Amino acid sequence: NLGTLAIKNSTIHDNTGYGIDFYGNKLEVGTSEFANNAGSATSSFGIRVHTGSANITDSEFTEHRVAIYLGASAGAGTVITRNNLYGNTLYDIESHADHNVDALSNFWGISAPDAAAELGSATNITRIYDRYDELGLGFVRYGQWLSQPVDTDAINPILTIVQPTGLFDWYAYAHYEAQVRYPDGLNISGDDIVWRISEPGTTTDILDDTGSPVS
C-alpha cells in the first residue's frame with residue numbers, strides 16, 4: 001500500500017485491464033489523459049481506487065468500460081472535478097462507496113449539458129453507478145456540468161459551488177452557508193467572488209465574500 005501517489009502531465013493508454021489500480025491513502029491525478037486501458041470486455045478501467053481517497057482534476061477518460069471506479073473500501077474525500085468523461089461504454093463513474101462523492105464541474109460529452117438541464121442535479125443517470133443503483137451506497141454529485149471540454153494541458157480556471165449541496169431552494173435555508181472551490185494556483189481572493197442568489201418570485205440577494213448582503 002502506498003501513502004500518496006501523484007501522477008501529473010501523463011498519458012496512460014492501451015494497458016491491459018486498467019490504467020491505474022490504486023491501493024493506498026491518497027491518489028492525486030492531474031493534467032493527464034487515459035484511453036483504451038482494456039484487458040477484456042469486462043475488465044477495462046481508467047482508474048480503480050480500492051482504498052484511500054482520490055483527487056482527480058484536469059484530465060480526460062475515454063474508451064473504457066468504466067472510466068473511474070471507486071471500491072467499497074474507498075475512503076471519503078474523493079473529488080473528481082474539471083475532467084472530460086465521455087466515450088466510456090458502461091459508466092463514467094462507478095462508486096461502491098457508502099459516502100457521497102464530489103464529481104461537480106466535469107465535461108460529460110457534447111450532449112450532456114442538454115441532458116443535465118432536463119434531469120437536474122439529483123436524479124438517476126445511466127452513466128453513473130451510485131445509490132440510485134444500489135441501496136446503501138452514497139450518491140455521486142454530478143451537477144454543474146461543463147458545456148465544453150477542459151484543457152488537459154493546464155489547470156482550468158473553473159469555479160464550483162460546493163455549498164449548499166444543491167443550486168436551488170436557497171430560501172429554504174434559515175442560515176446561508178455558501179462555499180466555492182477554485183483550483184490551486186489560481187490567483188483569486190474572496191473579494192473576487194460575488195454571490196448573486198435568487199429564486200423565482202423573490203428578491204435577488206447579492207452577497208459579499210463573507211455572506212453579508214450587499215446594499
# chains A, B, ... in the order shown; residues from 1 in each chain; ligands from 1
>>> residues_around(residues="A:Ser43", least_positions_apart="6", cutoff="9 Å", atoms="only C-alpha atoms", output="list in words")
Thr16, Gly17, Tyr18, Asn37, His64, Arg65 and Val66 of chain A
>>> write_last_selection(atoms="N, CA and C atoms", output="PDB file, in the first residue's frame")
ATOM      1  N   THR A  16      -3.361  -3.246 -20.174  1.00  0.00           N
ATOM      2  CA  THR A  16      -4.235  -4.399 -20.006  1.00  0.00           C
ATOM      3  C   THR A  16      -5.065  -4.268 -18.738  1.00  0.00           C
ATOM      4  N   GLY A  17      -6.354  -4.036 -18.890  1.00  0.00           N
ATOM      5  CA  GLY A  17      -7.267  -4.051 -17.747  1.00  0.00           C
ATOM      6  C   GLY A  17      -7.539  -2.713 -17.133  1.00  0.00           C
ATOM      7  N   TYR A  18      -6.506  -1.919 -16.849  1.00  0.00           N
ATOM      8  CA  TYR A  18      -6.701  -0.644 -16.176  1.00  0.00           C
ATOM      9  C   TYR A  18      -5.477   0.237 -16.360  1.00  0.00           C
ATOM     10  N   ASN A  37      -7.665   1.587 -21.854  1.00  0.00           N
ATOM     11  CA  ASN A  37      -6.980   0.658 -20.960  1.00  0.00           C
ATOM     12  C   ASN A  37      -7.916  -0.521 -20.746  1.00  0.00           C
ATOM     13  N   HIS A  64     -13.084   3.378 -22.235  1.00  0.00           N
ATOM     14  CA  HIS A  64     -13.031   2.331 -21.222  1.00  0.00           C
ATOM     15  C   HIS A  64     -14.434   1.757 -21.029  1.00  0.00           C
ATOM     16  N   ARG A  65     -14.518   0.627 -20.355  1.00  0.00           N
ATOM     17  CA  ARG A  65     -15.829   0.152 -19.912  1.00  0.00           C
ATOM     18  C   ARG A  65     -16.306   1.019 -18.762  1.00  0.00           C
ATOM     19  N   VAL A  66     -15.410   1.283 -17.787  1.00  0.00           N
ATOM     20  CA  VAL A  66     -15.666   2.190 -16.671  1.00  0.00           C
ATOM     21  C   VAL A  66     -14.483   3.142 -16.569  1.00  0.00           C
TER      22      VAL A  66
END
>>> atom_distance(atom1="atom CA of A:Thr78", atom2="atom CA of A:Ile56")
8.1 Å
>>> closest_residue(among="A:Leu146, A:Leu5, A:Leu137, A:Ala97", to="A:Asn83", atoms="only C-alpha atoms")
A:Leu146
>>> closest_residue(among="A:Ser147, A:Thr89, A:Thr4, A:Ser73", to="A:Asn36", atoms="only C-alpha atoms")
A:Thr89
>>> closest_residue(among="A:Tyr129, A:Arg82, A:Tyr69, A:Val140", to="A:Asn100", atoms="only C-alpha atoms")
A:Val140
>>> closest_residue(among="A:Pro183, A:Ser40, A:Asn55, A:Gly3", to="A:Asp102", atoms="only C-alpha atoms")
A:Asn55
>>> closest_residue(among="A:Gly19, A:Gly87, A:Gly138, A:Gly46", to="A:Gly75", atoms="only C-alpha atoms")
A:Gly138
>>> atom_distance(atom1="atom CA of A:Glu63", atom2="atom CA of A:Ser105")
20.6 Å
>>> atom_distance(atom1="atom CA of A:Ala35", atom2="atom CA of A:Val162")
29.0 Å
>>> residues_around(residues="A:Tyr182", least_positions_apart="5", cutoff="8 Å", atoms="only C-alpha atoms", output="list of chain:residue names")
A:Pro157, A:Ile158, A:Leu159, A:Thr160
>>> closest_residue(among="A:Ser32, A:Ser95, A:Thr11, A:Asn84", to="A:Val49", atoms="only C-alpha atoms")
A:Ser95
